[in-house]
file target-v1.cif (mmCIF, C-alpha atoms)
data_data
loop_
_atom_site.label_atom_id
_atom_site.label_comp_id
_atom_site.auth_asym_id
_atom_site.auth_seq_id
_atom_site.Cartn_x
_atom_site.Cartn_y
_atom_site.Cartn_z
CA MET A 1 16.38 -11.84 -18.97
CA ASN A 2 13.26 -10.56 -17.17
CA TRP A 3 10.23 -12.65 -16.31
CA THR A 4 6.72 -11.71 -15.13
CA ASP A 5 5.31 -12.89 -11.80
CA LEU A 6 1.60 -13.65 -12.31
CA LYS A 7 -0.03 -14.19 -8.90
CA ILE A 8 -3.29 -16.09 -8.37
CA THR A 9 -4.89 -16.00 -4.91
CA VAL A 10 -7.48 -18.68 -4.10
CA SER A 11 -8.93 -20.38 -1.03
CA THR A 12 -6.67 -23.12 0.29
CA LYS A 13 -9.47 -25.65 -0.33
CA ASP A 14 -9.26 -24.80 -4.05
CA ALA A 15 -5.46 -24.70 -4.24
CA GLU A 16 -5.03 -28.18 -5.71
CA THR A 17 -7.49 -27.55 -8.54
CA ALA A 18 -6.04 -24.10 -9.19
CA GLU A 19 -2.57 -25.61 -9.37
CA ALA A 20 -3.71 -28.12 -12.00
CA ILE A 21 -5.18 -25.28 -14.06
CA ALA A 22 -2.01 -23.22 -13.66
CA GLN A 23 0.11 -26.15 -14.83
CA MET A 24 -1.87 -26.16 -18.08
CA ALA A 25 -1.12 -22.47 -18.58
CA VAL A 26 2.51 -22.52 -17.49
CA PRO A 27 4.01 -25.99 -17.06
CA TYR A 28 7.17 -24.54 -15.50
CA GLY A 29 8.20 -21.92 -12.98
CA ILE A 30 5.27 -22.30 -10.55
CA TYR A 31 5.74 -21.49 -6.86
CA ILE A 32 2.91 -22.01 -4.34
CA GLU A 33 2.48 -20.31 -0.96
CA ASP A 34 0.15 -22.40 1.20
CA TYR A 35 0.54 -22.11 4.98
CA SER A 36 -2.74 -23.77 5.98
CA ASP A 37 -1.11 -26.63 7.90
CA MET A 38 1.95 -24.83 9.22
CA LEU A 39 0.94 -24.82 12.89
CA GLU A 40 0.10 -28.53 12.76
CA LEU A 41 3.48 -29.37 11.23
CA VAL A 42 5.71 -27.22 13.43
CA PRO A 43 5.75 -29.60 16.44
CA GLN A 44 6.86 -32.43 14.14
CA ILE A 45 9.98 -30.61 12.94
CA ALA A 46 13.13 -31.47 14.86
CA HIS A 47 14.87 -28.16 14.27
CA ILE A 48 12.22 -25.48 14.02
CA ASP A 49 14.41 -22.48 13.25
CA LEU A 50 13.32 -22.53 9.64
CA ILE A 51 9.94 -21.10 10.63
CA ASP A 52 10.18 -17.34 10.14
CA GLU A 53 7.99 -14.92 12.10
CA ASP A 54 6.69 -13.38 8.85
CA LEU A 55 5.66 -16.83 7.64
CA LEU A 56 3.84 -17.61 10.87
CA ALA A 57 1.76 -14.47 10.31
CA ARG A 58 0.64 -15.54 6.82
CA SER A 59 -2.98 -16.38 5.99
CA ARG A 60 -4.07 -19.96 6.74
CA THR A 61 -7.14 -19.70 4.49
CA GLU A 62 -5.64 -18.44 1.22
CA ALA A 63 -3.00 -19.86 -1.10
CA ILE A 64 -0.99 -17.84 -3.61
CA LEU A 65 0.21 -19.39 -6.85
CA HIS A 66 3.10 -17.59 -8.52
CA LEU A 67 3.44 -18.24 -12.26
CA TYR A 68 6.71 -17.03 -13.73
CA LEU A 69 6.33 -16.12 -17.40
CA PRO A 70 9.34 -15.71 -19.71
CA PRO A 71 9.66 -12.54 -21.83
CA GLU A 72 8.24 -14.22 -24.95
CA GLU A 73 4.99 -15.11 -23.14
CA ASN A 74 2.10 -12.63 -23.04
CA PRO A 75 0.84 -12.22 -19.44
CA ALA A 76 -2.55 -11.06 -20.74
CA GLU A 77 -3.07 -14.32 -22.62
CA ALA A 78 -2.13 -16.42 -19.63
CA SER A 79 -4.40 -14.31 -17.41
CA ALA A 80 -7.34 -14.72 -19.83
CA PHE A 81 -6.89 -18.51 -19.93
CA LEU A 82 -6.68 -18.73 -16.14
CA THR A 83 -9.73 -16.51 -15.68
CA HIS A 84 -11.79 -18.67 -18.05
CA ARG A 85 -10.80 -21.97 -16.41
CA LEU A 86 -11.10 -20.80 -12.82
CA GLU A 87 -14.55 -19.36 -13.43
CA ALA A 88 -15.59 -22.55 -15.20
CA GLU A 89 -14.61 -24.47 -12.07
CA GLY A 90 -16.48 -22.00 -9.86
CA ILE A 91 -13.30 -21.03 -7.99
CA PRO A 92 -13.19 -17.49 -6.52
CA TYR A 93 -9.81 -15.89 -7.29
CA ARG A 94 -7.71 -12.77 -7.58
CA ILE A 95 -5.11 -12.29 -10.30
CA GLU A 96 -2.29 -9.76 -10.08
CA THR A 97 0.62 -9.12 -12.39
CA ASP A 98 3.75 -8.16 -10.49
CA GLN A 99 6.68 -6.22 -11.86
CA THR A 100 9.12 -8.20 -13.92
CA LEU A 101 11.99 -9.93 -12.17
CA ALA A 102 15.31 -11.24 -13.41
CA GLU A 103 15.60 -14.99 -13.89
CA GLU A 104 18.35 -15.21 -11.31
CA ASP A 105 16.00 -13.63 -8.75
CA TRP A 106 13.99 -16.86 -8.57
CA ALA A 107 16.69 -18.47 -6.50
CA ASN A 108 16.92 -15.44 -4.24
CA ALA A 109 13.23 -14.62 -3.69
CA TRP A 110 13.18 -16.49 -0.36
CA LYS A 111 15.86 -14.19 1.01
CA ARG A 112 13.28 -11.51 1.77
CA PHE A 113 12.17 -13.61 4.77
CA TYR A 114 15.59 -13.39 6.46
CA HIS A 115 16.92 -10.24 8.09
CA PRO A 116 19.20 -9.39 11.04
CA THR A 117 17.60 -10.97 14.10
CA HIS A 118 18.26 -10.27 17.77
CA LEU A 119 18.68 -13.50 19.72
CA GLY A 120 19.13 -11.86 23.10
CA LYS A 121 20.46 -8.65 24.60
CA ARG A 122 23.82 -8.96 22.82
CA LEU A 123 23.58 -11.65 20.17
CA VAL A 124 22.50 -10.83 16.61
CA VAL A 125 22.39 -13.21 13.63
CA CYS A 126 22.70 -11.63 10.20
CA PRO A 127 22.52 -13.24 6.73
CA SER A 128 25.50 -12.51 4.52
CA TRP A 129 23.49 -10.44 2.01
CA GLU A 130 22.28 -7.98 4.68
CA GLU A 131 24.19 -5.09 6.24
CA TYR A 132 23.94 -4.43 9.96
CA THR A 133 25.68 -1.86 12.17
CA PRO A 134 25.90 -3.30 15.69
CA ALA A 135 25.64 -1.36 18.91
CA PRO A 136 28.87 -1.35 20.95
CA GLU A 137 27.83 -4.28 23.14
CA GLU A 138 26.34 -6.42 20.34
CA LEU A 139 27.94 -9.54 18.89
CA VAL A 140 27.00 -10.28 15.27
CA MET A 141 27.31 -13.69 13.64
CA THR A 142 26.97 -14.24 9.91
CA LEU A 143 24.67 -17.14 9.13
CA ASP A 144 22.74 -18.01 5.98
CA PRO A 145 19.77 -20.40 5.89
CA GLY A 146 20.87 -23.51 4.03
CA MET A 147 20.91 -27.27 4.04
CA ALA A 148 21.28 -27.51 7.85
CA PHE A 149 18.50 -26.29 10.10
CA GLY A 150 18.89 -23.29 12.36
CA SER A 151 18.85 -19.70 11.15
CA GLY A 152 17.87 -18.08 14.43
CA THR A 153 14.39 -16.89 13.52
CA HIS A 154 12.40 -19.08 15.89
CA HIS A 155 11.47 -18.55 19.54
CA THR A 156 13.37 -21.62 20.74
CA THR A 157 16.74 -20.34 19.54
CA ARG A 158 16.08 -16.94 21.04
CA LEU A 159 15.08 -18.50 24.35
CA CYS A 160 18.27 -20.58 24.32
CA CYS A 161 20.41 -17.53 23.68
CA GLU A 162 18.67 -15.51 26.37
CA LEU A 163 19.49 -18.23 28.91
CA LEU A 164 23.00 -18.65 27.52
CA GLU A 165 23.68 -14.95 27.98
CA GLN A 166 22.88 -15.33 31.68
CA LEU A 167 25.53 -18.00 32.23
CA PRO A 168 29.25 -17.47 32.95
CA VAL A 169 30.22 -18.66 29.46
CA GLU A 170 33.77 -17.25 29.32
CA HIS A 171 36.49 -19.92 29.20
CA MET A 172 33.90 -22.70 29.36
CA ARG A 173 33.72 -25.89 27.27
CA ILE A 174 30.44 -26.31 25.38
CA LEU A 175 28.67 -29.41 24.03
CA ASP A 176 25.99 -28.60 21.45
CA MET A 177 23.71 -31.63 21.00
CA GLY A 178 21.84 -31.50 17.69
CA THR A 179 24.02 -28.65 16.47
CA GLY A 180 22.22 -28.15 13.13
CA SER A 181 23.73 -25.04 11.58
CA GLY A 182 26.03 -24.58 14.59
CA ILE A 183 24.25 -21.38 15.62
CA LEU A 184 24.28 -22.05 19.38
CA SER A 185 27.92 -23.12 19.39
CA ILE A 186 28.87 -19.97 17.51
CA ALA A 187 26.84 -17.88 19.94
CA ALA A 188 28.62 -19.45 22.90
CA LEU A 189 32.03 -18.90 21.32
CA MET A 190 31.20 -15.27 20.64
CA LEU A 191 30.24 -14.90 24.30
CA GLY A 192 33.73 -16.07 25.24
CA ALA A 193 33.57 -19.86 25.50
CA GLN A 194 36.94 -21.57 25.23
CA GLU A 195 35.77 -24.22 22.78
CA ALA A 196 32.64 -25.96 21.54
CA VAL A 197 31.87 -29.43 20.23
CA GLY A 198 28.84 -29.64 17.94
CA VAL A 199 27.23 -33.06 17.50
CA ASP A 200 24.56 -34.10 15.04
CA ILE A 201 23.38 -37.34 13.46
CA ASP A 202 23.15 -35.55 10.09
CA LYS A 203 26.46 -35.44 8.20
CA VAL A 204 25.29 -32.44 6.16
CA ALA A 205 24.57 -30.52 9.35
CA VAL A 206 28.00 -31.39 10.76
CA ARG A 207 29.76 -30.14 7.63
CA THR A 208 27.63 -27.01 7.47
CA ALA A 209 28.16 -26.22 11.16
CA ALA A 210 31.93 -26.39 10.70
CA GLU A 211 31.71 -24.11 7.65
CA ASN A 212 29.52 -21.60 9.52
CA ALA A 213 31.91 -21.56 12.47
CA GLU A 214 34.83 -20.92 10.09
CA VAL A 215 32.98 -18.02 8.45
CA ASN A 216 32.59 -16.47 11.90
CA GLY A 217 36.26 -16.87 12.75
CA PHE A 218 36.20 -20.12 14.74
CA GLY A 219 38.42 -22.80 13.24
CA PRO A 220 39.09 -26.39 14.40
CA ASP A 221 41.02 -25.13 17.43
CA ARG A 222 37.79 -23.62 18.82
CA PHE A 223 34.98 -25.61 17.20
CA THR A 224 34.79 -29.33 16.47
CA ALA A 225 31.87 -30.81 14.52
CA VAL A 226 31.16 -34.51 14.99
CA THR A 227 28.68 -36.97 13.50
CA ALA A 228 27.40 -39.13 16.35
CA ASP A 229 24.29 -40.54 18.01
CA LEU A 230 24.73 -39.67 21.69
CA ILE A 231 21.61 -41.60 22.66
CA HIS A 232 23.45 -44.84 21.97
CA GLN A 233 27.13 -43.93 22.16
CA PRO A 234 28.97 -41.35 24.33
CA LEU A 235 31.62 -39.11 22.85
CA GLU A 236 35.20 -40.32 22.84
CA GLU A 237 37.30 -39.29 25.80
CA GLU A 238 39.64 -37.22 23.62
CA LEU A 239 36.67 -34.92 22.91
CA THR A 240 35.08 -34.91 26.37
CA ARG A 241 38.33 -34.51 28.37
CA GLY A 242 36.57 -34.76 31.71
CA GLY A 243 33.23 -33.31 30.64
CA PHE A 244 31.63 -30.05 29.58
CA ASP A 245 30.65 -26.97 31.54
CA ILE A 246 27.52 -26.31 29.45
CA VAL A 247 25.35 -28.57 27.31
CA LEU A 248 23.03 -26.99 24.71
CA ALA A 249 20.12 -29.01 23.33
CA ASN A 250 17.65 -27.21 21.07
CA ILE A 251 15.89 -30.26 19.65
CA VAL A 252 12.43 -31.66 20.53
CA ALA A 253 10.95 -33.15 23.68
CA ASP A 254 11.25 -36.83 22.69
CA VAL A 255 14.91 -36.51 21.77
CA ILE A 256 15.81 -34.51 24.90
CA ILE A 257 14.11 -37.18 27.03
CA ALA A 258 16.07 -39.91 25.24
CA LEU A 259 19.29 -37.89 25.67
CA ALA A 260 18.77 -37.27 29.41
CA PRO A 261 21.33 -39.92 30.52
CA ALA A 262 23.88 -38.66 27.98
CA ILE A 263 23.36 -35.05 29.09
CA TYR A 264 24.07 -35.98 32.70
CA HIS A 265 27.05 -38.14 31.69
CA HIS A 266 28.73 -35.43 29.61
CA LEU A 267 28.24 -32.56 32.08
CA LYS A 268 30.80 -31.73 34.75
CA PRO A 269 29.47 -31.58 38.33
CA GLY A 270 27.68 -28.26 38.70
CA GLY A 271 27.50 -27.88 34.90
CA HIS A 272 24.50 -26.30 33.20
CA LEU A 273 22.03 -27.53 30.58
CA VAL A 274 20.12 -25.19 28.27
CA ALA A 275 17.33 -27.23 26.65
CA SER A 276 14.76 -25.94 24.19
CA GLY A 277 12.53 -26.93 21.28
CA ILE A 278 9.96 -28.10 23.85
CA ILE A 279 6.26 -27.44 23.32
CA LEU A 280 4.48 -26.51 26.57
CA PRO A 281 2.35 -29.70 26.83
CA ARG A 282 5.61 -31.71 27.02
CA LYS A 283 7.46 -29.46 29.49
CA GLU A 284 6.74 -31.38 32.68
CA GLU A 285 7.59 -34.68 31.01
CA VAL A 286 10.99 -33.34 29.92
CA ILE A 287 11.70 -31.88 33.36
CA ALA A 288 10.80 -35.18 35.02
CA ALA A 289 13.14 -37.14 32.73
CA LEU A 290 16.05 -34.79 33.41
CA GLU A 291 15.39 -34.62 37.16
CA SER A 292 15.36 -38.41 37.32
CA GLU A 293 18.95 -38.33 36.04
CA GLY A 294 20.04 -35.88 38.73
CA MET A 295 19.43 -32.51 37.10
CA VAL A 296 17.89 -29.60 39.00
CA ILE A 297 15.82 -26.92 37.28
CA THR A 298 16.91 -23.34 37.99
CA GLU A 299 14.93 -21.34 35.44
CA GLU A 300 12.46 -21.68 32.58
CA LYS A 301 11.36 -19.33 29.85
CA GLU A 302 8.19 -19.54 27.75
CA GLN A 303 7.07 -17.84 24.55
CA ASP A 304 4.15 -18.55 22.23
CA GLY A 305 3.70 -22.18 23.22
CA TRP A 306 7.41 -23.05 23.46
CA CYS A 307 9.69 -23.27 26.47
CA ALA A 308 13.38 -23.43 27.28
CA LEU A 309 14.84 -24.87 30.47
CA LEU A 310 17.97 -23.98 32.41
CA MET A 311 19.06 -26.91 34.58
CA GLN A 312 22.13 -27.80 36.60
CA LYS A 313 23.86 -31.10 37.34
CA ASN A 314 23.32 -31.87 41.01
#
call {"tool": "encode", "arguments": {"input": "target-v1.cif", "output": "structure tokens"}}
result
Amino acid sequence: MNWTDLKITVSTKDAETAEAIAQMAVPYGIYIEDYSDMLELVPQIAHIDLIDEDLLARSRTEAILHLYLPPEENPAEASAFLTHRLEAEGIPYRIETDQTLAEEDWANAWKRFYHPTHLGKRLVVCPSWEEYTPAPEELVMTLDPGMAFGSGTHHTTRLCCELLEQLPVEHMRILDMGTGSGILSIAALMLGAQEAVGVDIDKVAVRTAAENAEVNGFGPDRFTAVTADLIHQPLEEELTRGGFDIVLANIVADVIIALAPAIYHHLKPGGHLVASGIILPRKEEVIAALESEGMVITEEKEQDGWCALLMQKN
């Protein structure tokens, strides 16, 4: 069954009124694109990988309302009603009628924002519905955006992977704090890590991370997902077994600062930390907190207002 996508473009300041008018015309199947406050909200999101580069490039001054009309509805009638009401309210607008789309395409429309993404020189993340032919040296993980955050599209994940690729990862034990989708653990395992433990306070993330690792060929013998709050409680000894060679923490500044004692505690002497999700104004504060625990900074990377740190346990 095919539906029609009727698109109305208005100024973001008129979006709320336009939405109310659209609801009168089509009280179902409305989807709104409004990115006016995206940049303000990004620093508040704990796992920022959901923010796609294409979305960051969208207009901050215009909103697009998509009205999905079933086959029995006449798009011309809906367009005439909308035109009349919008003009009566004095709202400037543009109306376009897109080609018809199948009903099942509603659930899949968001997929156009996700494509194979290079996370470093070797690492590539690819959604399951895309095809990608890797170069000989490339390592491709299959990962779909879902209920747990972390699809690899944001700078912070790329910065983490770039630093991770520089480390001697082979045969190492990895602790992934705030594992989300498990993307960094999977990346480390693909680079040759012996095993990884992914920790998150979100049970959905823990389950999803384990499922994603399994899809990429890493079962419980290589990847363990655990629900825990490492700020207040260290991992059990049966999981730490003397500590980890590398700790990964792609979270946010406040959480990394709070985790600083746990990071030091769980690292082996000489072990490395890759920390990201840090906005530049908080960088020095994060470094100071980690240095106060005995960590030494060895490298930092910055991109578009974000930074990642490579540190070592003294």
call {"tool": "residues_around", "arguments": {"input": "target-v1.cif", "residues": "A:Ala196", "least_positions_apart": "5", "cutoff": "8 Å", "atoms": "all atoms listed in the file", "output": "PyMOL selection string"}}
result
chain A and resi 173-176+185+188-189+222-224
call {"tool": "atom_distance", "arguments": {"input": "target-v1.cif", "atom1": "atom CA of A:Cys160", "atom2": "atom CA of A:Val125"}}
result
13.6 Å
call {"tool": "atom_distance", "arguments": {"input": "target-v1.cif", "atom1": "atom CA of A:Val197", "atom2": "atom CA of A:Ala213"}}
result
11.1 Å
call {"tool": "closest_residue", "arguments": {"input": "target-v1.cif", "among": "A:Glu72, A:Arg282, A:Gly217, A:Val199", "to": "A:Val140", "atoms": "all atoms listed in the file"}}
result
A:Gly217
call {"tool": "closest_residue", "arguments": {"input": "target-v1.cif", "among": "A:Gly277, A:Gly180, A:Gly305, A:Gly192", "to": "A:Arg158", "atoms": "all atoms listed in the file"}}
result
A:Gly277
call {"tool": "residues_near_point", "arguments": {"input": "target-v1.cif", "point": "(-5.8, -18.8, -17.3)", "cutoff": "10 Å", "atoms": "only C-alpha atoms", "output": "list of chain:residue names"}}
result
A:Ile8, A:Ala18, A:Ile21, A:Ala22, A:Gln23, A:Met24, A:Ala25, A:Val26, A:Pro75, A:Ala76, A:Glu77, A:Ala78, A:Ser79, A:Ala80, A:Phe81, A:Leu82, A:Thr83, A:His84, A:Arg85, A:Leu86, A:Glu87, A:Ile95
call {"tool": "resolve_selection", "arguments": {"input": "target-v1.cif", "expression": "the PyMOL selection byres ((chain A and resi 264) around 9)", "output": "list in words"}}
result
Leu259, Ala260, Pro261, Ala262, Ile263, His265, His266, Leu267, Lys268, Pro269, Leu273, Leu290, Glu293, Gly294, Met295 and Lys313 of chain A
call {"tool": "closest_atom_pairs", "arguments": {"input": "target-v1.cif", "of": "stretch 192-213 of chain A", "to": "stretch 225-243 of chain A", "cutoff": "8 Å", "atoms": "all atoms listed in the file", "output": "JSON lines"}}
result
{"residue": "A:Val197", "atom": "CA", "partner": "A:Ala225", "partner_atom": "CA", "distance": 5.9}
{"residue": "A:Gly198", "atom": "CA", "partner": "A:Ala225", "partner_atom": "CA", "distance": 4.7}
{"residue": "A:Val199", "atom": "CA", "partner": "A:Val226", "partner_atom": "CA", "distance": 4.9}
{"residue": "A:Asp200", "atom": "CA", "partner": "A:Thr227", "partner_atom": "CA", "distance": 5.3}
{"residue": "A:Ile201", "atom": "CA", "partner": "A:Ala228", "partner_atom": "CA", "distance": 5.3}
{"residue": "A:Asp202", "atom": "CA", "partner": "A:Thr227", "partner_atom": "CA", "distance": 6.7}
{"residue": "A:Lys203", "atom": "CA", "partner": "A:Thr227", "partner_atom": "CA", "distance": 5.9}
{"residue": "A:Val206", "atom": "CA", "partner": "A:Ala225", "partner_atom": "CA", "distance": 5.4}
{"residue": "A:Arg207", "atom": "CA", "partner": "A:Ala225", "partner_atom": "CA", "distance": 7.2}
{"residue": "A:Ala209", "atom": "CA", "partner": "A:Ala225", "partner_atom": "CA", "distance": 6.8}
{"residue": "A:Ala210", "atom": "CA", "partner": "A:Ala225", "partner_atom": "CA", "distance": 5.8}
call {"tool": "atom_distance", "arguments": {"input": "target-v1.cif", "atom1": "atom CA of A:Leu6", "atom2": "atom CA of A:Asp34"}}
result
16.2 Å
call {"tool": "residues_near_point", "arguments": {"input": "target-v1.cif", "point": "(7.0, -32.7, 31.8)", "cutoff": "12 Å", "atoms": "all atoms listed in the file", "output": "CSV table (one decimal) with C-alpha atoms, in the coordinates of the input"}}
result
chain,number,residue,atom,x,y,z
A,253,ALA,CA,11.0,-33.2,23.7
A,254,ASP,CA,11.2,-36.8,22.7
A,256,ILE,CA,15.8,-34.5,24.9
A,257,ILE,CA,14.1,-37.2,27.0
A,278,ILE,CA,10.0,-28.1,23.8
A,279,ILE,CA,6.3,-27.4,23.3
A,280,LEU,CA,4.5,-26.5,26.6
A,281,PRO,CA,2.4,-29.7,26.8
A,282,ARG,CA,5.6,-31.7,27.0
A,283,LYS,CA,7.5,-29.5,29.5
A,284,GLU,CA,6.7,-31.4,32.7
A,285,GLU,CA,7.6,-34.7,31.0
A,286,VAL,CA,11.0,-33.3,29.9
A,287,ILE,CA,11.7,-31.9,33.4
A,288,ALA,CA,10.8,-35.2,35.0
A,289,ALA,CA,13.1,-37.1,32.7
A,290,LEU,CA,16.0,-34.8,33.4
A,291,GLU,CA,15.4,-34.6,37.2
A,292,SER,CA,15.4,-38.4,37.3
A,297,ILE,CA,15.8,-26.9,37.3
A,307,CYS,CA,9.7,-23.3,26.5
A,309,LEU,CA,14.8,-24.9,30.5
call {"tool": "residues_around", "arguments": {"input": "target-v1.cif", "residues": "A:Leu65", "least_positions_apart": "6", "cutoff": "7 Å", "atoms": "all atoms listed in the file", "output": "mmCIF file with C-alpha atoms, in the coordinates of the input"}}
result
data_model
loop_
_atom_site.group_PDB
_atom_site.id
_atom_site.type_symbol
_atom_site.label_atom_id
_atom_site.label_comp_id
_atom_site.auth_asym_id
_atom_site.auth_seq_id
_atom_site.Cartn_x
_atom_site.Cartn_y
_atom_site.Cartn_z
ATOM 1 C CA LYS A 7 -0.030 -14.190 -8.900
ATOM 2 C CA ILE A 8 -3.290 -16.090 -8.370
ATOM 3 C CA THR A 9 -4.890 -16.000 -4.910
ATOM 4 C CA ILE A 30 5.270 -22.300 -10.550
ATOM 5 C CA TYR A 31 5.740 -21.490 -6.860
ATOM 6 C CA ILE A 32 2.910 -22.010 -4.340
ATOM 7 C CA GLU A 33 2.480 -20.310 -0.960
#
call {"tool": "resolve_selection", "arguments": {"input": "target-v1.cif", "expression": "the PyMOL selection byres ((chain A and resi 63) around 12)", "output": "MDAnalysis selection string"}}
result
chainID A and resid 7:19 31:37 58:62 64:66 92:94
call {"tool": "build_atoms", "arguments": {"input": "target-v1.cif", "residues": "stretch 116-138 of chain A", "atoms": "N, CA and C atoms", "output": "PDB file, in the coordinates of the input"}}
result
ATOM      1  N   PRO A 116      18.508  -9.345   9.741  1.00  0.00           N
ATOM      2  CA  PRO A 116      19.200  -9.390  11.040  1.00  0.00           C
ATOM      3  C   PRO A 116      18.195  -9.620  12.163  1.00  0.00           C
ATOM      4  N   THR A 117      18.513 -10.567  13.033  1.00  0.00           N
ATOM      5  CA  THR A 117      17.600 -10.970  14.100  1.00  0.00           C
ATOM      6  C   THR A 117      18.312 -10.945  15.446  1.00  0.00           C
ATOM      7  N   HIS A 118      17.704 -10.303  16.423  1.00  0.00           N
ATOM      8  CA  HIS A 118      18.260 -10.270  17.770  1.00  0.00           C
ATOM      9  C   HIS A 118      17.888 -11.569  18.490  1.00  0.00           C
ATOM     10  N   LEU A 119      18.899 -12.241  19.019  1.00  0.00           N
ATOM     11  CA  LEU A 119      18.680 -13.500  19.720  1.00  0.00           C
ATOM     12  C   LEU A 119      18.684 -13.317  21.237  1.00  0.00           C
ATOM     13  N   GLY A 120      19.073 -12.164  21.688  1.00  0.00           N
ATOM     14  CA  GLY A 120      19.130 -11.860  23.100  1.00  0.00           C
ATOM     15  C   GLY A 120      19.503 -10.403  23.249  1.00  0.00           C
ATOM     16  N   LYS A 121      20.063 -10.042  24.396  1.00  0.00           N
ATOM     17  CA  LYS A 121      20.460  -8.650  24.600  1.00  0.00           C
ATOM     18  C   LYS A 121      21.685  -8.274  23.776  1.00  0.00           C
ATOM     19  N   ARG A 122      22.562  -9.252  23.516  1.00  0.00           N
ATOM     20  CA  ARG A 122      23.820  -8.960  22.820  1.00  0.00           C
ATOM     21  C   ARG A 122      23.954  -9.658  21.483  1.00  0.00           C
ATOM     22  N   LEU A 123      23.356 -10.815  21.345  1.00  0.00           N
ATOM     23  CA  LEU A 123      23.580 -11.650  20.170  1.00  0.00           C
ATOM     24  C   LEU A 123      22.660 -11.260  19.013  1.00  0.00           C
ATOM     25  N   VAL A 124      23.248 -11.151  17.821  1.00  0.00           N
ATOM     26  CA  VAL A 124      22.500 -10.830  16.610  1.00  0.00           C
ATOM     27  C   VAL A 124      22.970 -11.788  15.521  1.00  0.00           C
ATOM     28  N   VAL A 125      22.029 -12.382  14.782  1.00  0.00           N
ATOM     29  CA  VAL A 125      22.390 -13.210  13.630  1.00  0.00           C
ATOM     30  C   VAL A 125      21.991 -12.458  12.374  1.00  0.00           C
ATOM     31  N   CYS A 126      22.908 -12.427  11.405  1.00  0.00           N
ATOM     32  CA  CYS A 126      22.700 -11.630  10.200  1.00  0.00           C
ATOM     33  C   CYS A 126      23.064 -12.443   8.965  1.00  0.00           C
ATOM     34  N   PRO A 127      22.157 -12.557   7.978  1.00  0.00           N
ATOM     35  CA  PRO A 127      22.520 -13.240   6.730  1.00  0.00           C
ATOM     36  C   PRO A 127      23.572 -12.446   5.973  1.00  0.00           C
ATOM     37  N   SER A 128      24.342 -13.134   5.163  1.00  0.00           N
ATOM     38  CA  SER A 128      25.500 -12.510   4.520  1.00  0.00           C
ATOM     39  C   SER A 128      25.106 -11.425   3.532  1.00  0.00           C
ATOM     40  N   TRP A 129      23.883 -11.438   3.014  1.00  0.00           N
ATOM     41  CA  TRP A 129      23.490 -10.440   2.010  1.00  0.00           C
ATOM     42  C   TRP A 129      22.928  -9.169   2.650  1.00  0.00           C
ATOM     43  N   GLU A 130      22.794  -9.159   3.980  1.00  0.00           N
ATOM     44  CA  GLU A 130      22.280  -7.980   4.680  1.00  0.00           C
ATOM     45  C   GLU A 130      23.429  -7.213   5.327  1.00  0.00           C
ATOM     46  N   GLU A 131      23.240  -5.915   5.503  1.00  0.00           N
ATOM     47  CA  GLU A 131      24.190  -5.090   6.240  1.00  0.00           C
ATOM     48  C   GLU A 131      23.588  -4.720   7.585  1.00  0.00           C
ATOM     49  N   TYR A 132      24.424  -4.759   8.628  1.00  0.00           N
ATOM     50  CA  TYR A 132      23.940  -4.430   9.960  1.00  0.00           C
ATOM     51  C   TYR A 132      25.047  -3.738  10.736  1.00  0.00           C
ATOM     52  N   THR A 133      24.722  -2.599  11.340  1.00  0.00           N
ATOM     53  CA  THR A 133      25.680  -1.860  12.170  1.00  0.00           C
ATOM     54  C   THR A 133      25.358  -2.150  13.629  1.00  0.00           C
ATOM     55  N   PRO A 134      26.212  -2.910  14.312  1.00  0.00           N
ATOM     56  CA  PRO A 134      25.900  -3.300  15.690  1.00  0.00           C
ATOM     57  C   PRO A 134      26.123  -2.176  16.685  1.00  0.00           C
ATOM     58  N   ALA A 135      25.370  -2.235  17.769  1.00  0.00           N
ATOM     59  CA  ALA A 135      25.640  -1.360  18.910  1.00  0.00           C
ATOM     60  C   ALA A 135      26.940  -1.837  19.560  1.00  0.00           C
ATOM     61  N   PRO A 136      27.573  -0.999  20.370  1.00  0.00           N
ATOM     62  CA  PRO A 136      28.870  -1.350  20.950  1.00  0.00           C
ATOM     63  C   PRO A 136      28.910  -2.690  21.670  1.00  0.00           C
ATOM     64  N   GLU A 137      27.820  -3.053  22.345  1.00  0.00           N
ATOM     65  CA  GLU A 137      27.830  -4.280  23.140  1.00  0.00           C
ATOM     66  C   GLU A 137      27.359  -5.506  22.359  1.00  0.00           C
ATOM     67  N   GLU A 138      26.914  -5.318  21.112  1.00  0.00           N
ATOM     68  CA  GLU A 138      26.340  -6.420  20.340  1.00  0.00           C
ATOM     69  C   GLU A 138      27.408  -7.277  19.668  1.00  0.00           C
TER      70      GLU A 138
END
